Number of protein chains: 2
Amino acid sequence: MRILVLGGDGYLGWPTAMHLSAQGHEIAVADNYLRRRLCREEQVDFLYEVPDLNERTALWQSVSGHHIAAHIGDLSQWDFVTEVFEKFSPQAVVHYAEQPAAPYSMLNRQAATLTLHNNLSVTANVIFAVREFCPDAHIVKLGTMGEYGTPNIDIEEGWLEVEHKGRKHTFLYPRQAGSLYHTTKIMDTDLLWFYVRTWGLRVTDLMQGPVYGIFTAETQHDERLLPFFSYDEIFGTVLNRFVVQAVVGHPLSVYGKGGQTRGYLNIKDTLNCVRLSLENPADRGELKIFNQFTEAFSVNDLAEKVREAGNQLKLNVKIEHIENPRIEAEAHYYNPIHTGLLDLGLKPHYLSKEVLLEMMEFVIQYKGLINKDQIRRNVKWN
Amino acid sequence: MRILVLGGDGYLGWPTAMHLSAQGHEIAVADNYLRRRLCREEQVDFLYEVPDLNERTALWQSVSGHHIAAHIGDLSQWDFVTEVFEKFSPQAVVHYAEQPAAPYSMLNRQAATLTLHNNLSVTANVIFAVREFCPDAHIVKLGTMGEYGTPNIDIEEGWLEVEHKGRKHTFLYPRQAGSLYHTTKIMDTDLLWFYVRTWGLRVTDLMQGPVYGIFTAETQHDERLLPFFSYDEIFGTVLNRFVVQAVVGHPLSVYGKGGQTRGYLNIKDTLNCVRLSLENPADRGELKIFNQFTEAFSVNDLAEKVREAGNQLKLNVKIEHIENPRIEAEAHYYNPIHTGLLDLGLKPHYLSKEVLLEMMEFVIQYKGLINKDQIRRNVKWN
């Protein structure tokens with residue numbers, strides 16, 4: 001299948017591109033290095049240097065024999081979108097090309113405007129491009145479990161049948177997010193669902209939880225194929241951050257009471273979920289929604305797991321409850337359904353002590369390069 | 001009260017500005033004449049010429065003694081927003097500054113992009129400006145009943161309490177609209193609701209139905225104070241269009257079966273609803289939502305009423321069912337609650353034969369200027 005991976009330079013975009021390439025698919029990636037630019041602007045480093053997309057695709061070809069075409073440009077600009085879609089004529093599009101960090105979106109007005117404009121413009125351009133150049137192509141869009149927020153009832157998988165005053169209707173599950181970034185993902189869903197109904201697009205919207213991990217089958221070839229690894233509070237995901245904090249002797253920074261519960265998954269499972277979605281495409285005029293995570297943990301649960309693993313490595317890990325910079329419930333009901341991808345055959349990689357030890361032992365190699373000042377950035381929601 | 005009316009040149013913005021000015025409020029309007037520009041580009045005329053905002057505010061001052069400050073500029077540009085908010089320091093903001101036409105938003109990619117970008121950028125800028133310059137100001141935002149679509153259960157007023165598997169949660173009423181324009185209004189609601197919760201803004205979101213009519217108490221002073229009146233299929237609202245069609249002997253163009261039911265209101269009631277919302281502001285951190293219409297009619301109902309009134313004027317009105325260019329249910333359940341504004345004291349102006357006759361007799365004066373070729377524009381949803 002010809003699969004276009006948008007945001008193919010990112011933490012998940014690049015491993016996804018390699019994974020699909022390794023499966024024998026014809027892959028093109030597009031990216032404008034936005035994530036790298038924002039990290040530079042905010043003065044936060046990756047744990048290790050990451051080669052650019054031209055270098056990575058060349059390296060991937062040398063180790064795997066598979067070609068990935070790299071298009072460098074801004075997908076919020078229609079000219080570039082046209083060029084990529086016309087040249088590659090994709091049969092499927094995996095859309096990761098968004099500003100992906102909740103704290104970044106809450107940093108200031110400029111960052112909020114960039115997030116809103118970038119994310120909505122790219123999603124709209126993907127919709128218009130598929131309509132114009134490849135109307136039968138399947139769009140696999142990365143949404144977030146954060147779109148649902150923390151309602152006091154079970155979070156169903158995308159849809160909710162409501163019985164009200166003796167009548168019934170099935171709605172898109174109502175969404176209410178905790179950051180502007182997450183809110184742009186709600187807006188993406190609004191937009192995709194409208195054009196699915198109106199233009200008969202094929203879309204799968206993946207409500208993904210926070211991802212952790214570094215290694216995939218494809219990164220085993222060469223460490224230079226590893227994805228970005230951010231450990232700062234703006235761009236790092238929570239478990240990755242905790243692992244780095246444990247390694248450098250920084251207390252694990254739990255916000256408030258730490259009862260905030262979310263569904264998590266290993267980066268390996270992200271790749272499998274996207275692949276399964278591509279192998280089981282939505283029909284014309286169908287929006288498929290999957291809740292993409294494998295296990296639910298509170299922040300306290302995660303901190304405790306990292307402490308246990310760290311102490312096995314004699315790291316003497318401390319946990320600190322700090323004032324919560326976010327506006328969120330610190331104790332809440334949380335029971336999201338997530339059977340759709342399991343039914344398609346997902347075999348989860350659960351969060352074991354071995355997984356944590358493997359990450360920690362890897363991070364320990366870079367201990368001397370970790371800048372402790374970058375860990376806490378104190379982006380306040382209010 | 002110092003009230004800033006954004007989109008103050010528009011069909012509803014200008015009459016609202018005059019109405020609030022007549023009540024003794026201090027009013028400023030801001031507009032970039034987007035609506036006039038789009039009408040020019042799409043080659044559709046207003047029924048009669050409308051003076052620009054500087055002329056209208058001068059005329060209003062001469063007939064009423066009240067000053068309205070006019071700011072001409074683009075609210076999607078932060079510099080202009082800053083200038084207006086700093087200078088005027090509003091206590092309330094009425095936000096009409098959006099591309100308001102569903103068919104325009106479905107015209108082509110450029111029009112869709114303009115609608116998405118304009119509407120979201122202005123709403124975001126209003127939020128950021130209130131936060132920065134006047135955090136206690138009350139935002140009254142014009143949404144649309146179209147945000148709800150046509151679900152098979154009652155449309156409650158903004159919120160829906162759901163009982164599910166023995167637990168309960170009150171959600172923002174789930175939204176699913178029928179055009180890109182309407183979808184941008186859903187996104188506006190998503191955005192406003194997020195920042196209400198996070199920054200404690202005061203917001204009233206008015207889910208307004210299609211408006212009809214021309215005359216308000218303030219337009220009685222001088223015909224040059226009348227609002228725009230569009231009769232083309234892109235920018236005209238349905239009842240206004242039917243009245244013009246009846247006058248020029250064009251069959252009333254009912255899309256499909258004509259069972260599409262919506263809640264309508266007279267332009268006089270729009271002004272009263274906005275005034276009542278301003279007089280009963282949301283608290284800090286509160287999103288108030290009202291369903292703003294006075295009567296529900298199917299398109300067939302409206303056509304029949306226009307035919308009856310027209311025939312009383314010997315216009316020999318015909319009704320034509322044409323292929324529906326939209327993707328929408330032509331027969332559906334529709335029972336939206338709309339008690340909130342009535343409870344605040346709204347005294348509706350219902351759609352009587354007298355109202356229709358007054359409109360028709362007014363339109364007849366311009367009969368020779370009506371360009372029949374502009375009536376049908378055939379903007380297809382798919």
# chains A, B, ... in the order shown; residues from 1 in each chain; ligands from 1
$ residues_around --residues "Glu361 of chain B" --least-positions-apart "4" --cutoff "9 Å" --atoms "only C-alpha atoms" --output "CSV table (one decimal) with N, CA and C atoms, in the first residue's frame"
chain,number,residue,atom,x,y,z
B,247,VAL,N,-41.9,38.2,-4.6
B,247,VAL,CA,-42.1,39.5,-5.2
B,247,VAL,C,-41.7,39.5,-6.6
B,313,LEU,N,-51.4,39.8,-1.9
B,313,LEU,CA,-50.9,40.9,-2.7
B,313,LEU,C,-51.0,40.6,-4.2
B,356,LEU,N,-45.2,39.4,7.3
B,356,LEU,CA,-44.8,39.0,5.9
B,356,LEU,C,-45.2,40.1,4.9
B,357,LEU,N,-46.4,40.6,5.1
B,357,LEU,CA,-47.0,41.7,4.2
B,357,LEU,C,-46.1,42.9,4.3
B,365,GLN,N,-40.9,47.7,-3.4
B,365,GLN,CA,-40.3,49.0,-3.9
B,365,GLN,C,-39.0,48.8,-4.7
$ interface_residues --of "chain A" --to "chain B" --cutoff "7 Å" --atoms "only C-alpha atoms" --output "PyMOL selection string"
chain A and resi 109+128+151-153+162+164+167-169+171+174+183+187+190-191+198-199+327+381-382
$ residues_around --residues "Thr204 of chain A" --least-positions-apart "3" --cutoff "7 Å" --atoms "only C-alpha atoms" --output "list in words"
Ile139, Val140, Lys141, Ala282, Leu287, Lys288 and Ile289 of chain A
$ write_last_selection --atoms "N, CA, C and O atoms" --output "compact mmCIF listing (two decimals), in the first residue's frame"
# COMPACT_ATOMS: atom_id res chain seq x y z
N ILE A 139 -7.88 7.84 5.72
CA ILE A 139 -7.15 8.72 6.63
C ILE A 139 -7.13 8.09 8.01
O ILE A 139 -8.18 7.81 8.58
N VAL A 140 -5.93 7.85 8.54
CA VAL A 140 -5.80 7.41 9.93
C VAL A 140 -5.26 8.61 10.71
O VAL A 140 -4.14 9.06 10.49
N LYS A 141 -6.10 9.13 11.59
CA LYS A 141 -5.79 10.38 12.27
C LYS A 141 -5.47 10.09 13.73
O LYS A 141 -6.21 9.36 14.39
N ALA A 282 -11.70 2.05 7.31
CA ALA A 282 -13.09 2.50 7.34
C ALA A 282 -13.66 2.44 5.93
O ALA A 282 -12.93 2.58 4.95
N LEU A 287 -16.72 6.86 9.86
CA LEU A 287 -15.71 7.29 10.83
C LEU A 287 -15.58 6.17 11.85
O LEU A 287 -16.51 5.89 12.61
N LYS A 288 -14.41 5.51 11.84
CA LYS A 288 -14.13 4.50 12.87
C LYS A 288 -13.38 5.19 13.99
O LYS A 288 -12.49 6.00 13.73
N ILE A 289 -13.71 4.87 15.21
CA ILE A 289 -12.99 5.45 16.36
C ILE A 289 -12.54 4.32 17.27
O ILE A 289 -13.34 3.44 17.63
$ select_by_dssp --residues "segment 92-280 of chain A" --states "strand (DSSP E)" --output "VMD selection string"
chain A and resid 92 to 95 138 to 144 159 to 164 167 to 172 202 to 208 211 to 212 252 to 255 261 to 266
$ residues_around --residues "segment 295-302 of chain A" --least-positions-apart "5" --cutoff "10 Å" --atoms "only C-alpha atoms" --output "NGL selection string"
:A and (209 or 238-239 or 242-243 or 252-266 or 307-308 or 319 or 321 or 330-331 or 334-336 or 338 or 348-351)
$ residues_around --residues "segment 24-28 of chain A" --least-positions-apart "4" --cutoff "8 Å" --atoms "only C-alpha atoms" --output "list of chain:residue names"
A:Met1, A:Arg2, A:Ile3, A:Leu4, A:Val5, A:Ala17, A:Leu20, A:His66, A:His67, A:Ile68, A:Ala69, A:Ala70, A:His71, A:Phe88
$ closest_residue --among "A:Gly158, A:Pro325, A:Pro51, A:Gly345" --to "Glu279 of chain A" --atoms "only C-alpha atoms"
A:Gly345
$ residues_around --residues "Gly236 of chain A" --least-positions-apart "4" --cutoff "12 Å" --atoms "only C-alpha atoms" --output "ChimeraX atom specification"
/A:11,35,39,44-47,100-104,210-213,228-232,240-245,374-377
$ write_last_selection --atoms "C-alpha atoms" --output "PDB file, in the first residue's frame"
ATOM      1  CA  TYR A  11       8.353  10.831  18.205  1.00  0.00           C
ATOM      2  CA  ARG A  35       8.752  20.032  16.769  1.00  0.00           C
ATOM      3  CA  CYS A  39      12.164  22.697  21.217  1.00  0.00           C
ATOM      4  CA  VAL A  44      14.847  22.175  25.652  1.00  0.00           C
ATOM      5  CA  ASP A  45      17.082  19.400  24.363  1.00  0.00           C
ATOM      6  CA  PHE A  46      16.348  15.881  23.278  1.00  0.00           C
ATOM      7  CA  LEU A  47      18.077  13.228  25.391  1.00  0.00           C
ATOM      8  CA  PRO A 100       1.587  17.658  20.035  1.00  0.00           C
ATOM      9  CA  ALA A 101       2.250  19.139  23.480  1.00  0.00           C
ATOM     10  CA  ALA A 102      -0.460  20.210  25.919  1.00  0.00           C
ATOM     11  CA  PRO A 103       1.895  22.412  28.013  1.00  0.00           C
ATOM     12  CA  TYR A 104       3.232  24.118  24.891  1.00  0.00           C
ATOM     13  CA  PRO A 210       0.057   9.025  26.528  1.00  0.00           C
ATOM     14  CA  VAL A 211       2.796   6.925  24.946  1.00  0.00           C
ATOM     15  CA  TYR A 212       6.001   5.770  26.640  1.00  0.00           C
ATOM     16  CA  GLY A 213       9.068   3.977  25.413  1.00  0.00           C
ATOM     17  CA  PHE A 228      13.119  11.868  19.696  1.00  0.00           C
ATOM     18  CA  PHE A 229      13.163  11.492  23.449  1.00  0.00           C
ATOM     19  CA  SER A 230      12.066  14.616  25.364  1.00  0.00           C
ATOM     20  CA  TYR A 231      12.395  14.777  29.115  1.00  0.00           C
ATOM     21  CA  ASP A 232      11.299  18.362  29.773  1.00  0.00           C
ATOM     22  CA  ASN A 240       9.492   9.114  29.886  1.00  0.00           C
ATOM     23  CA  ARG A 241      10.006  12.170  32.103  1.00  0.00           C
ATOM     24  CA  PHE A 242       9.783  10.132  35.305  1.00  0.00           C
ATOM     25  CA  VAL A 243      12.415   7.701  34.006  1.00  0.00           C
ATOM     26  CA  VAL A 244      14.829  10.570  33.341  1.00  0.00           C
ATOM     27  CA  GLN A 245      14.043  12.173  36.700  1.00  0.00           C
ATOM     28  CA  GLN A 374      15.036  21.670  31.684  1.00  0.00           C
ATOM     29  CA  ILE A 375      13.004  19.206  33.724  1.00  0.00           C
ATOM     30  CA  ARG A 376      10.695  21.668  35.464  1.00  0.00           C
ATOM     31  CA  ARG A 377       9.312  24.413  33.234  1.00  0.00           C
TER      32      ARG A 377
END
$ select_by_dssp --residues "segment 280-322 of chain B" --states "helix (DSSP H, G or I)" --output "PyMOL selection string"
chain B and resi 299-312
$ write_last_selection --atoms "C-alpha atoms" --output "compact mmCIF listing (two decimals), in the first residue's frame"
# COMPACT_ATOMS: atom_id res chain seq x y z
CA VAL B 299 -39.33 24.88 5.04
CA ASN B 300 -42.72 23.80 3.65
CA ASP B 301 -44.44 25.77 6.45
CA LEU B 302 -42.47 28.88 5.55
CA ALA B 303 -43.15 28.52 1.83
CA GLU B 304 -46.87 28.12 2.52
CA LYS B 305 -46.95 31.23 4.71
CA VAL B 306 -45.14 33.27 2.07
CA ARG B 307 -47.48 31.97 -0.61
CA GLU B 308 -50.55 32.97 1.41
CA ALA B 309 -49.23 36.46 2.14
CA GLY B 310 -48.04 36.90 -1.45
CA ASN B 311 -51.32 35.86 -2.91
CA GLN B 312 -53.07 38.44 -0.75
$ atom_distance --atom1 "atom CA of Val94 of chain A" --atom2 "atom CA of Asp9 of chain A"
12.6 Å
$ closest_residue --among "A:Ala111, A:Ile337, A:Leu53, A:Leu34" --to "Tyr148 of chain A" --atoms "only C-alpha atoms"
A:Ile337
$ residues_around --residues "Pro281 of chain A" --least-positions-apart "2" --cutoff "8 Å" --atoms "only C-alpha atoms" --output "ChimeraX atom specification"
/A:138,202-204,277-279,283
$ decode --residues "segment 129-159 of chain B" --atoms "N, CA and C atoms" --output "tab-separated table (two decimals), in the first residue's frame"
chain	number	residue	atom	x	y	z
B	129	ALA	N	-7.89	38.45	24.14
B	129	ALA	CA	-7.98	39.88	24.45
B	129	ALA	C	-8.74	40.11	25.75
B	130	VAL	N	-9.82	39.38	25.96
B	130	VAL	CA	-10.57	39.54	27.21
B	130	VAL	C	-9.68	39.14	28.38
B	131	ARG	N	-9.01	38.02	28.24
B	131	ARG	CA	-8.07	37.58	29.29
B	131	ARG	C	-7.04	38.66	29.60
B	132	GLU	N	-6.52	39.31	28.56
B	132	GLU	CA	-5.41	40.25	28.75
B	132	GLU	C	-5.87	41.65	29.17
B	133	PHE	N	-6.96	42.13	28.58
B	133	PHE	CA	-7.32	43.53	28.77
B	133	PHE	C	-8.53	43.76	29.68
B	134	CYS	N	-9.44	42.79	29.74
B	134	CYS	CA	-10.68	43.03	30.50
B	134	CYS	C	-11.24	41.69	30.98
B	135	PRO	N	-10.52	41.00	31.89
B	135	PRO	CA	-10.89	39.62	32.26
B	135	PRO	C	-12.27	39.49	32.88
B	136	ASP	N	-12.83	40.60	33.35
B	136	ASP	CA	-14.16	40.52	33.95
B	136	ASP	C	-15.27	40.78	32.91
B	137	ALA	N	-14.90	41.09	31.69
B	137	ALA	CA	-15.91	41.40	30.67
B	137	ALA	C	-16.71	40.15	30.30
B	138	HIS	N	-17.95	40.37	29.96
B	138	HIS	CA	-18.86	39.29	29.59
B	138	HIS	C	-18.87	39.17	28.07
B	139	ILE	N	-18.55	37.97	27.57
B	139	ILE	CA	-18.58	37.73	26.13
B	139	ILE	C	-19.95	37.14	25.77
B	140	VAL	N	-20.65	37.81	24.87
B	140	VAL	CA	-21.89	37.25	24.33
B	140	VAL	C	-21.59	36.83	22.90
B	141	LYS	N	-21.60	35.52	22.67
B	141	LYS	CA	-21.15	34.96	21.40
B	141	LYS	C	-22.35	34.45	20.63
B	142	LEU	N	-22.41	34.76	19.35
B	142	LEU	CA	-23.48	34.22	18.52
B	142	LEU	C	-23.09	32.87	17.98
B	143	GLY	N	-23.74	31.85	18.49
B	143	GLY	CA	-23.60	30.50	17.94
B	143	GLY	C	-24.80	30.24	17.04
B	144	THR	N	-25.13	29.00	16.86
B	144	THR	CA	-26.27	28.68	15.99
B	144	THR	C	-26.96	27.40	16.45
B	145	MET	N	-28.27	27.37	16.30
B	145	MET	CA	-29.02	26.14	16.56
B	145	MET	C	-28.51	25.01	15.68
B	146	GLY	N	-27.91	25.38	14.53
B	146	GLY	CA	-27.35	24.39	13.62
B	146	GLY	C	-26.23	23.57	14.22
B	147	GLU	N	-25.65	24.05	15.33
B	147	GLU	CA	-24.61	23.24	15.98
B	147	GLU	C	-25.16	21.88	16.42
B	148	TYR	N	-26.43	21.86	16.81
B	148	TYR	CA	-27.01	20.62	17.33
B	148	TYR	C	-27.36	19.61	16.23
B	149	GLY	N	-27.57	20.09	15.02
B	149	GLY	CA	-28.08	19.20	13.98
B	149	GLY	C	-29.50	18.77	14.29
B	150	THR	N	-29.85	17.57	13.86
B	150	THR	CA	-31.22	17.09	14.05
B	150	THR	C	-31.21	15.72	14.70
B	151	PRO	N	-30.83	15.67	15.99
B	151	PRO	CA	-30.83	14.38	16.68
B	151	PRO	C	-32.26	13.88	16.90
B	152	ASN	N	-32.34	12.61	17.19
B	152	ASN	CA	-33.65	11.96	17.35
B	152	ASN	C	-34.21	12.09	18.77
B	153	ILE	N	-33.59	12.91	19.59
B	153	ILE	CA	-34.12	13.19	20.94
B	153	ILE	C	-34.29	14.71	21.07
B	154	ASP	N	-34.95	15.14	22.13
B	154	ASP	CA	-35.12	16.58	22.35
B	154	ASP	C	-33.77	17.29	22.43
B	155	ILE	N	-33.70	18.46	21.85
B	155	ILE	CA	-32.51	19.29	21.98
B	155	ILE	C	-32.70	20.15	23.22
B	156	GLU	N	-31.91	19.84	24.25
B	156	GLU	CA	-32.00	20.62	25.48
B	156	GLU	C	-31.24	21.94	25.30
B	157	GLU	N	-31.30	22.78	26.31
B	157	GLU	CA	-30.72	24.12	26.14
B	157	GLU	C	-29.25	24.12	26.56
B	158	GLY	N	-28.40	23.61	25.67
B	158	GLY	CA	-26.96	23.68	25.86
B	158	GLY	C	-26.33	22.47	26.51
B	159	TRP	N	-27.05	21.80	27.41
B	159	TRP	CA	-26.47	20.74	28.23
B	159	TRP	C	-27.36	19.52	28.20
